[in-house]
$ cat coords_27.pdb   # PDB, C-alpha atoms, pLDDT in the B column
ATOM      1  CA  TRP A   1    -168.089  -0.829  45.673  1.00 87.00           C
ATOM      2  CA  GLY A   2    -166.428   1.099  42.909  1.00 92.00           C
ATOM      3  CA  ARG A   3    -165.389   4.442  41.601  1.00 93.00           C
ATOM      4  CA  MET A   4    -164.901   6.158  38.268  1.00 92.00           C
ATOM      5  CA  MET A   5    -162.589   9.080  37.665  1.00 92.00           C
ATOM      6  CA  SER A   6    -163.240  11.952  35.265  1.00 93.00           C
ATOM      7  CA  ASN A   7    -160.624  10.607  32.810  1.00 94.00           C
ATOM      8  CA  GLY A   8    -162.498   7.285  32.432  1.00 91.00           C
ATOM      9  CA  ASP A   9    -160.304   5.241  34.788  1.00 94.00           C
ATOM     10  CA  PHE A  10    -162.393   2.955  37.001  1.00 96.00           C
ATOM     11  CA  GLU A  11    -162.137   0.426  39.789  1.00 96.00           C
ATOM     12  CA  ILE A  12    -164.774  -2.068  40.968  1.00 97.00           C
ATOM     13  CA  ASN A  13    -164.360  -4.271  44.053  1.00 97.00           C
ATOM     14  CA  GLY A  14    -166.633  -6.997  45.318  1.00 97.00           C
ATOM     15  CA  SER A  15    -166.839  -9.686  47.942  1.00 97.00           C
ATOM     16  CA  ALA A  16    -169.221 -12.358  49.157  1.00 96.00           C
ATOM     17  CA  VAL A  17    -169.426 -14.796  52.052  1.00 96.00           C
ATOM     18  CA  GLU A  18    -171.752 -17.803  52.015  1.00 94.00           C
ATOM     19  CA  HIS A  19    -172.729 -20.386  54.629  1.00 94.00           C
ATOM     20  CA  LEU A  20    -174.846 -23.243  53.290  1.00 92.00           C
ATOM     21  CA  GLY A  21    -175.079 -26.054  55.826  1.00 90.00           C
ATOM     22  CA  PRO A  22    -171.720 -27.822  55.874  1.00 92.00           C
ATOM     23  CA  LEU A  23    -170.344 -25.524  53.140  1.00 94.00           C
ATOM     24  CA  ASP A  24    -168.626 -22.187  53.721  1.00 96.00           C
ATOM     25  CA  GLY A  25    -167.175 -19.971  51.063  1.00 97.00           C
ATOM     26  CA  SER A  26    -165.851 -16.533  50.365  1.00 97.00           C
ATOM     27  CA  ALA A  27    -164.830 -14.646  47.260  1.00 97.00           C
ATOM     28  CA  THR A  28    -163.271 -11.300  46.461  1.00 97.00           C
ATOM     29  CA  PHE A  29    -162.506  -9.609  43.175  1.00 97.00           C
ATOM     30  CA  LYS A  30    -161.120  -6.376  41.825  1.00 97.00           C
ATOM     31  CA  LEU A  31    -161.597  -5.064  38.292  1.00 96.00           C
ATOM     32  CA  SER A  32    -159.861  -1.906  37.128  1.00 96.00           C
ATOM     33  CA  ASN A  33    -158.925  -0.076  33.976  1.00 95.00           C
ATOM     34  CA  THR A  34    -156.530   2.863  34.080  1.00 93.00           C
ATOM     35  CA  GLN A  35    -154.666   4.758  31.426  1.00 91.00           C
ATOM     36  CA  ALA A  36    -151.417   4.231  33.340  1.00 88.00           C
ATOM     37  CA  LYS A  37    -151.707   0.481  34.078  1.00 88.00           C
ATOM     38  CA  GLY A  38    -154.305  -0.822  31.618  1.00 93.00           C
ATOM     39  CA  PHE A  39    -156.966  -3.442  32.381  1.00 95.00           C
ATOM     40  CA  LYS A  40    -156.607  -5.683  35.424  1.00 96.00           C
ATOM     41  CA  PHE A  41    -158.763  -8.360  37.062  1.00 97.00           C
ATOM     42  CA  THR A  42    -157.883 -10.256  40.265  1.00 97.00           C
ATOM     43  CA  SER A  43    -159.918 -12.768  42.238  1.00 97.00           C
ATOM     44  CA  HIS A  44    -159.574 -14.957  45.313  1.00 97.00           C
ATOM     45  CA  LEU A  45    -161.929 -17.808  46.256  1.00 97.00           C
ATOM     46  CA  VAL A  46    -162.010 -20.044  49.327  1.00 97.00           C
ATOM     47  CA  GLY A  47    -164.359 -22.928  49.960  1.00 97.00           C
ATOM     48  CA  LYS A  48    -164.605 -25.214  52.982  1.00 97.00           C
ATOM     49  CA  ALA A  49    -166.779 -28.219  53.680  1.00 96.00           C
ATOM     50  CA  THR A  50    -167.125 -30.585  56.613  1.00 93.00           C
ATOM     51  CA  VAL A  51    -169.125 -33.783  56.245  1.00 92.00           C
ATOM     52  CA  SER A  52    -167.901 -35.984  59.054  1.00 85.00           C
ATOM     53  CA  PRO A  53    -165.548 -37.794  58.967  1.00 92.00           C
ATOM     54  CA  LEU A  54    -164.125 -35.655  56.117  1.00 95.00           C
ATOM     55  CA  ARG A  55    -163.335 -31.991  55.748  1.00 96.00           C
ATOM     56  CA  GLY A  56    -161.842 -30.195  52.826  1.00 97.00           C
ATOM     57  CA  THR A  57    -160.624 -26.800  51.772  1.00 97.00           C
ATOM     58  CA  ALA A  58    -160.209 -25.437  48.261  1.00 97.00           C
ATOM     59  CA  THR A  59    -158.658 -22.135  47.216  1.00 97.00           C
ATOM     60  CA  ALA A  60    -158.248 -20.430  43.872  1.00 98.00           C
ATOM     61  CA  ASP A  61    -156.524 -17.231  42.785  1.00 97.00           C
ATOM     62  CA  PHE A  62    -156.585 -15.695  39.329  1.00 97.00           C
ATOM     63  CA  ASN A  63    -154.978 -12.592  37.837  1.00 97.00           C
ATOM     64  CA  PHE A  64    -155.483 -11.252  34.326  1.00 96.00           C
ATOM     65  CA  SER A  65    -154.152  -8.025  32.874  1.00 96.00           C
ATOM     66  CA  VAL A  66    -153.714  -6.232  29.573  1.00 95.00           C
ATOM     67  CA  SER A  67    -151.144  -3.457  29.542  1.00 90.00           C
ATOM     68  CA  GLY A  68    -149.068  -1.991  26.751  1.00 88.00           C
ATOM     69  CA  GLY A  69    -150.583  -4.446  24.281  1.00 88.00           C
ATOM     70  CA  GLN A  70    -149.424  -7.445  26.347  1.00 91.00           C
ATOM     71  CA  ILE A  71    -151.702 -10.032  27.967  1.00 93.00           C
ATOM     72  CA  HIS A  72    -150.603 -11.524  31.286  1.00 94.00           C
ATOM     73  CA  TYR A  73    -152.408 -14.182  33.282  1.00 95.00           C
ATOM     74  CA  ALA A  74    -151.713 -16.407  36.252  1.00 97.00           C
ATOM     75  CA  GLY A  75    -153.890 -18.673  38.296  1.00 97.00           C
ATOM     76  CA  SER A  76    -153.439 -21.250  40.997  1.00 97.00           C
ATOM     77  CA  GLY A  77    -155.505 -23.446  43.209  1.00 97.00           C
ATOM     78  CA  THR A  78    -155.181 -25.935  46.022  1.00 97.00           C
ATOM     79  CA  ALA A  79    -157.360 -28.626  47.508  1.00 97.00           C
ATOM     80  CA  SER A  80    -156.754 -30.154  50.919  1.00 97.00           C
ATOM     81  CA  VAL A  81    -158.484 -33.071  52.669  1.00 96.00           C
ATOM     82  CA  ASP A  82    -158.487 -34.137  56.339  1.00 96.00           C
ATOM     83  CA  VAL A  83    -160.133 -37.137  57.972  1.00 94.00           C
ATOM     84  CA  TYR A  84    -161.411 -37.455  61.544  1.00 93.00           C
ATOM     85  CA  ALA A  85    -159.930 -40.725  62.787  1.00 92.00           C
ATOM     86  CA  PRO A  86    -158.289 -42.376  65.768  1.00 92.00           C
ATOM     87  CA  ASP A  87    -155.030 -40.687  66.726  1.00 86.00           C
ATOM     88  CA  HIS A  88    -152.091 -42.414  65.017  1.00 78.00           C
ATOM     89  CA  GLY A  89    -154.598 -44.766  63.397  1.00 76.00           C
ATOM     90  CA  TRP A  90    -155.042 -46.960  66.466  1.00 80.00           C
ATOM     91  CA  ASN A  91    -155.902 -44.841  69.542  1.00 80.00           C
ATOM     92  CA  VAL A  92    -159.699 -45.231  69.483  1.00 83.00           C
ATOM     93  CA  THR A  93    -160.075 -43.249  72.731  1.00 87.00           C
ATOM     94  CA  HIS A  94    -158.583 -40.103  71.153  1.00 90.00           C
ATOM     95  CA  TRP A  95    -159.839 -38.971  67.747  1.00 91.00           C
ATOM     96  CA  THR A  96    -158.237 -36.059  65.834  1.00 92.00           C
ATOM     97  CA  TRP A  97    -158.321 -34.394  62.448  1.00 92.00           C
ATOM     98  CA  GLN A  98    -155.514 -35.922  60.389  1.00 92.00           C
ATOM     99  CA  HIS A  99    -154.234 -34.443  57.161  1.00 93.00           C
ATOM    100  CA  VAL A 100    -154.588 -36.731  54.148  1.00 93.00           C
ATOM    101  CA  GLY A 101    -153.007 -34.546  51.486  1.00 94.00           C
ATOM    102  CA  THR A 102    -152.918 -31.344  49.489  1.00 96.00           C
ATOM    103  CA  VAL A 103    -152.743 -30.951  45.736  1.00 97.00           C
ATOM    104  CA  GLY A 104    -152.065 -27.809  43.760  1.00 97.00           C
ATOM    105  CA  VAL A 105    -152.295 -26.635  40.191  1.00 97.00           C
ATOM    106  CA  GLY A 106    -151.300 -23.400  38.504  1.00 97.00           C
ATOM    107  CA  ILE A 107    -150.905 -21.717  35.151  1.00 95.00           C
ATOM    108  CA  SER A 108    -149.241 -18.570  33.860  1.00 95.00           C
ATOM    109  CA  ASN A 109    -148.051 -17.147  30.560  1.00 93.00           C
ATOM    110  CA  SER A 110    -144.959 -19.336  30.782  1.00 94.00           C
ATOM    111  CA  GLU A 111    -145.798 -22.551  32.659  1.00 95.00           C
ATOM    112  CA  LEU A 112    -148.344 -25.064  33.855  1.00 96.00           C
ATOM    113  CA  TRP A 113    -147.586 -26.787  37.149  1.00 96.00           C
ATOM    114  CA  PHE A 114    -148.907 -29.465  39.481  1.00 97.00           C
ATOM    115  CA  SER A 115    -147.879 -30.193  43.057  1.00 97.00           C
ATOM    116  CA  TYR A 116    -148.444 -32.903  45.630  1.00 94.00           C
ATOM    117  CA  GLY A 117    -146.583 -34.010  48.740  1.00 88.00           C
ATOM    118  CA  GLY A 118    -143.885 -31.362  48.472  1.00 88.00           C
ATOM    119  CA  HIS A 119    -143.133 -32.209  44.835  1.00 94.00           C
ATOM    120  CA  LYS A 120    -143.804 -29.873  41.926  1.00 94.00           C
ATOM    121  CA  VAL A 121    -143.843 -30.654  38.228  1.00 96.00           C
ATOM    122  CA  SER A 122    -143.660 -27.720  35.809  1.00 96.00           C
ATOM    123  CA  VAL A 123    -144.401 -27.794  32.112  1.00 96.00           C
ATOM    124  CA  PRO A 124    -143.126 -24.844  30.080  1.00 94.00           C
ATOM    125  CA  LEU A 125    -145.722 -23.276  27.791  1.00 92.00           C
ATOM    126  CA  PRO A 126    -144.881 -21.893  24.357  1.00 87.00           C
ATOM    127  CA  HIS A 127    -144.918 -18.134  24.007  1.00 72.00           C
TER
END
$ encode --input "coords_27.pdb" --output "structure tokens"
Amino acid sequence: WGRMMSNGDFEINGSAVEHLGPLDGSATFKLSNTQAKGFKFTSHLVGKATVSPLRGTATADFNFSVSGGQIHYAGSGTASVDVYAPDHGWNVTHWTWQHVGTVGVGISNSELWFSYGGHKVSVPLPH
């Protein structure tokens, strides 16, 4: 859906949900341009898949704007994997989903970063 004002300001929003066998996903976005705040785009994506004995989830967010002659951007994403296995690795009579790990990545006007296992490494970007 969207709307346009008489002064030329506009806003457009969208979303989608998909189910394709073992894959599920959703996405939303917003695009706007106003005289007061300039141009702005935001999005959010989520994807999930289960192919036994594995399941995974991925997310991504992105923001981009131009206001007052300045460009700003930021994005991040994560990926997570679980495995269906015997509880504690040995209890073959009780199987559970066990988390294997999550990784993350992100970027902005000022840094690039990576994360895994509670640790984050940031790399400053030149301006």
$ closest_residue --input "coords_27.pdb" --among "A:Val83, A:Leu112, A:Ala36, A:Ala49" --to "A:Pro22" --atoms "all atoms listed in the file"
A:Ala49
$ resolve_selection --input "coords_27.pdb" --expression "the PyMOL selection byres ((chain A and resi 21) around 10)" --output "list in words"
Glu18, His19, Leu20, Pro22, Leu23, Asp24, Ala49, Thr50 and Val51 of chain A
$ residues_around --input "coords_27.pdb" --residues "stretch 84-89 of chain A" --least-positions-apart "5" --cutoff "7 Å" --atoms "all atoms listed in the file" --output "list in words"
Pro53, Leu54, His94, Trp95, Thr96, Trp97 and Gln98 of chain A
$ resolve_selection --input "coords_27.pdb" --expression "the PyMOL selection byres ((chain A and resi 29) around 9)" --output "count of residues only"
13
$ resolve_selection --input "coords_27.pdb" --expression "the PyMOL selection byres ((chain A and resi 38) around 8)" --output "PDB file with C-alpha atoms, keeping the file's coordinate frame"
ATOM      1  CA  SER A  32    -159.861  -1.906  37.128  1.00 96.00           C
ATOM      2  CA  ASN A  33    -158.925  -0.076  33.976  1.00 95.00           C
ATOM      3  CA  THR A  34    -156.530   2.863  34.080  1.00 93.00           C
ATOM      4  CA  GLN A  35    -154.666   4.758  31.426  1.00 91.00           C
ATOM      5  CA  ALA A  36    -151.417   4.231  33.340  1.00 88.00           C
ATOM      6  CA  LYS A  37    -151.707   0.481  34.078  1.00 88.00           C
ATOM      7  CA  PHE A  39    -156.966  -3.442  32.381  1.00 95.00           C
ATOM      8  CA  LYS A  40    -156.607  -5.683  35.424  1.00 96.00           C
ATOM      9  CA  SER A  65    -154.152  -8.025  32.874  1.00 96.00           C
ATOM     10  CA  VAL A  66    -153.714  -6.232  29.573  1.00 95.00           C
ATOM     11  CA  SER A  67    -151.144  -3.457  29.542  1.00 90.00           C
ATOM     12  CA  GLY A  68    -149.068  -1.991  26.751  1.00 88.00           C
TER      13      GLY A  68
END
$ residues_around --input "coords_27.pdb" --residues "A:Ala58" --least-positions-apart "6" --cutoff "7 Å" --atoms "all atoms listed in the file" --output "CSV table (one decimal) with C-alpha atoms, in the frame of the given file"
chain,number,residue,atom,x,y,z
A,46,VAL,CA,-162.0,-20.0,49.3
A,47,GLY,CA,-164.4,-22.9,50.0
A,48,LYS,CA,-164.6,-25.2,53.0
A,78,THR,CA,-155.2,-25.9,46.0
A,79,ALA,CA,-157.4,-28.6,47.5
A,80,SER,CA,-156.8,-30.2,50.9
$ atom_distance --input "coords_27.pdb" --atom1 "atom CA of A:Pro124" --atom2 "atom CA of A:Gly104"
16.6 Å
$ axis_aligned_box --input "coords_27.pdb" --around "stretch 70-74 of chain A" --padding-each-side "8 Å" --output "lines of an AutoDock Vina configuration file"
center_x = -150.9
center_y = -11.9
center_z = 31.3
size_x = 19.0
size_y = 25.0
size_z = 25.9
$ residues_around --input "coords_27.pdb" --residues "A:His119" --least-positions-apart "5" --cutoff "12 Å" --atoms "all atoms listed in the file" --output "NGL selection string"
:A and (102-105 or 113-114)
$ write_last_selection --input "coords_27.pdb" --atoms "C-alpha atoms" --output "PDB file, keeping the file's coordinate frame"
ATOM      1  CA  THR A 102    -152.918 -31.344  49.489  1.00 96.00           C
ATOM      2  CA  VAL A 103    -152.743 -30.951  45.736  1.00 97.00           C
ATOM      3  CA  GLY A 104    -152.065 -27.809  43.760  1.00 97.00           C
ATOM      4  CA  VAL A 105    -152.295 -26.635  40.191  1.00 97.00           C
ATOM      5  CA  TRP A 113    -147.586 -26.787  37.149  1.00 96.00           C
ATOM      6  CA  PHE A 114    -148.907 -29.465  39.481  1.00 97.00           C
TER       7      PHE A 114
END
$ residues_around --input "coords_27.pdb" --residues "A:Ser110" --least-positions-apart "2" --cutoff "10 Å" --atoms "all atoms listed in the file" --output "PyMOL selection string"
chain A and resi 72-74+107-108+112+122-127
$ closest_residue --input "coords_27.pdb" --among "A:Ser26, A:Ser76, A:Thr93, A:Ser115" --to "A:Ala60" --atoms "all atoms listed in the file"
A:Ser76
$ closest_residue --input "coords_27.pdb" --among "A:Val100, A:Trp90, A:Gly106, A:Tyr116" --to "A:Gly77" --atoms "only C-alpha atoms"
A:Gly106
$ atom_distance --input "coords_27.pdb" --atom1 "atom CA of A:Met4" --atom2 "atom CA of A:Gly75"
27.2 Å
$ atom_distance --input "coords_27.pdb" --atom1 "atom CA of A:Val92" --atom2 "atom CA of A:Ser52"
16.2 Å
$ decode --input "coords_27.pdb" --residues "stretch 8-24 of chain A" --atoms "N, CA, C and O atoms" --output "CSV table (one decimal), in the first residue's frame"
chain,number,residue,atom,x,y,z
A,8,GLY,N,4.0,16.2,-3.0
A,8,GLY,CA,4.9,15.3,-3.7
A,8,GLY,C,5.5,14.3,-2.7
A,8,GLY,O,6.2,13.4,-3.2
A,9,ASP,N,5.4,14.5,-1.4
A,9,ASP,CA,5.8,13.5,-0.5
A,9,ASP,C,5.1,12.2,-0.7
A,9,ASP,O,3.9,12.2,-1.1
A,10,PHE,N,5.8,11.0,-0.6
A,10,PHE,CA,5.1,9.7,-0.8
A,10,PHE,C,5.7,8.7,0.2
A,10,PHE,O,6.8,8.8,0.7
A,11,GLU,N,4.9,7.7,0.4
A,11,GLU,CA,5.3,6.5,1.2
A,11,GLU,C,4.7,5.3,0.5
A,11,GLU,O,3.5,5.2,0.2
A,12,ILE,N,5.5,4.2,0.4
A,12,ILE,CA,5.1,2.9,-0.2
A,12,ILE,C,5.5,1.9,0.8
A,12,ILE,O,6.7,1.8,1.2
A,13,ASN,N,4.6,1.0,1.2
A,13,ASN,CA,4.9,-0.1,2.1
A,13,ASN,C,4.6,-1.4,1.4
A,13,ASN,O,3.6,-1.5,0.6
A,14,GLY,N,5.3,-2.5,1.6
A,14,GLY,CA,5.0,-3.8,1.1
A,14,GLY,C,5.4,-4.9,2.0
A,14,GLY,O,6.3,-4.7,2.8
A,15,SER,N,4.8,-6.0,1.8
A,15,SER,CA,5.1,-7.2,2.5
A,15,SER,C,4.8,-8.5,1.7
A,15,SER,O,3.9,-8.4,0.8
A,16,ALA,N,5.4,-9.6,2.1
A,16,ALA,CA,5.2,-10.8,1.4
A,16,ALA,C,5.5,-12.0,2.4
A,16,ALA,O,6.4,-11.9,3.2
A,17,VAL,N,4.7,-13.1,2.2
A,17,VAL,CA,5.0,-14.3,3.0
A,17,VAL,C,4.9,-15.4,2.1
A,17,VAL,O,4.0,-15.5,1.2
A,18,GLU,N,5.9,-16.3,2.1
A,18,GLU,CA,6.0,-17.4,1.2
A,18,GLU,C,6.2,-18.7,2.0
A,18,GLU,O,6.9,-18.8,3.0
A,19,HIS,N,5.6,-19.8,1.5
A,19,HIS,CA,5.8,-21.1,2.0
A,19,HIS,C,6.0,-22.1,0.9
A,19,HIS,O,5.1,-22.3,0.1
A,20,LEU,N,7.2,-22.6,0.7
A,20,LEU,CA,7.5,-23.4,-0.4
A,20,LEU,C,8.2,-24.7,0.2
A,20,LEU,O,9.4,-24.8,0.4
A,21,GLY,N,7.3,-25.7,0.4
A,21,GLY,CA,7.8,-26.9,1.0
A,21,GLY,C,8.5,-26.7,2.3
A,21,GLY,O,7.9,-26.2,3.2
A,22,PRO,N,9.8,-27.1,2.4
A,22,PRO,CA,10.4,-26.9,3.7
A,22,PRO,C,10.9,-25.4,4.0
A,22,PRO,O,11.5,-25.2,5.0
A,23,LEU,N,10.7,-24.6,3.0
A,23,LEU,CA,11.1,-23.2,3.1
A,23,LEU,C,10.0,-22.2,3.5
A,23,LEU,O,8.9,-22.3,2.9
A,24,ASP,N,10.2,-21.3,4.4
A,24,ASP,CA,9.3,-20.3,4.8
A,24,ASP,C,10.0,-19.0,4.8
A,24,ASP,O,11.2,-18.9,5.2
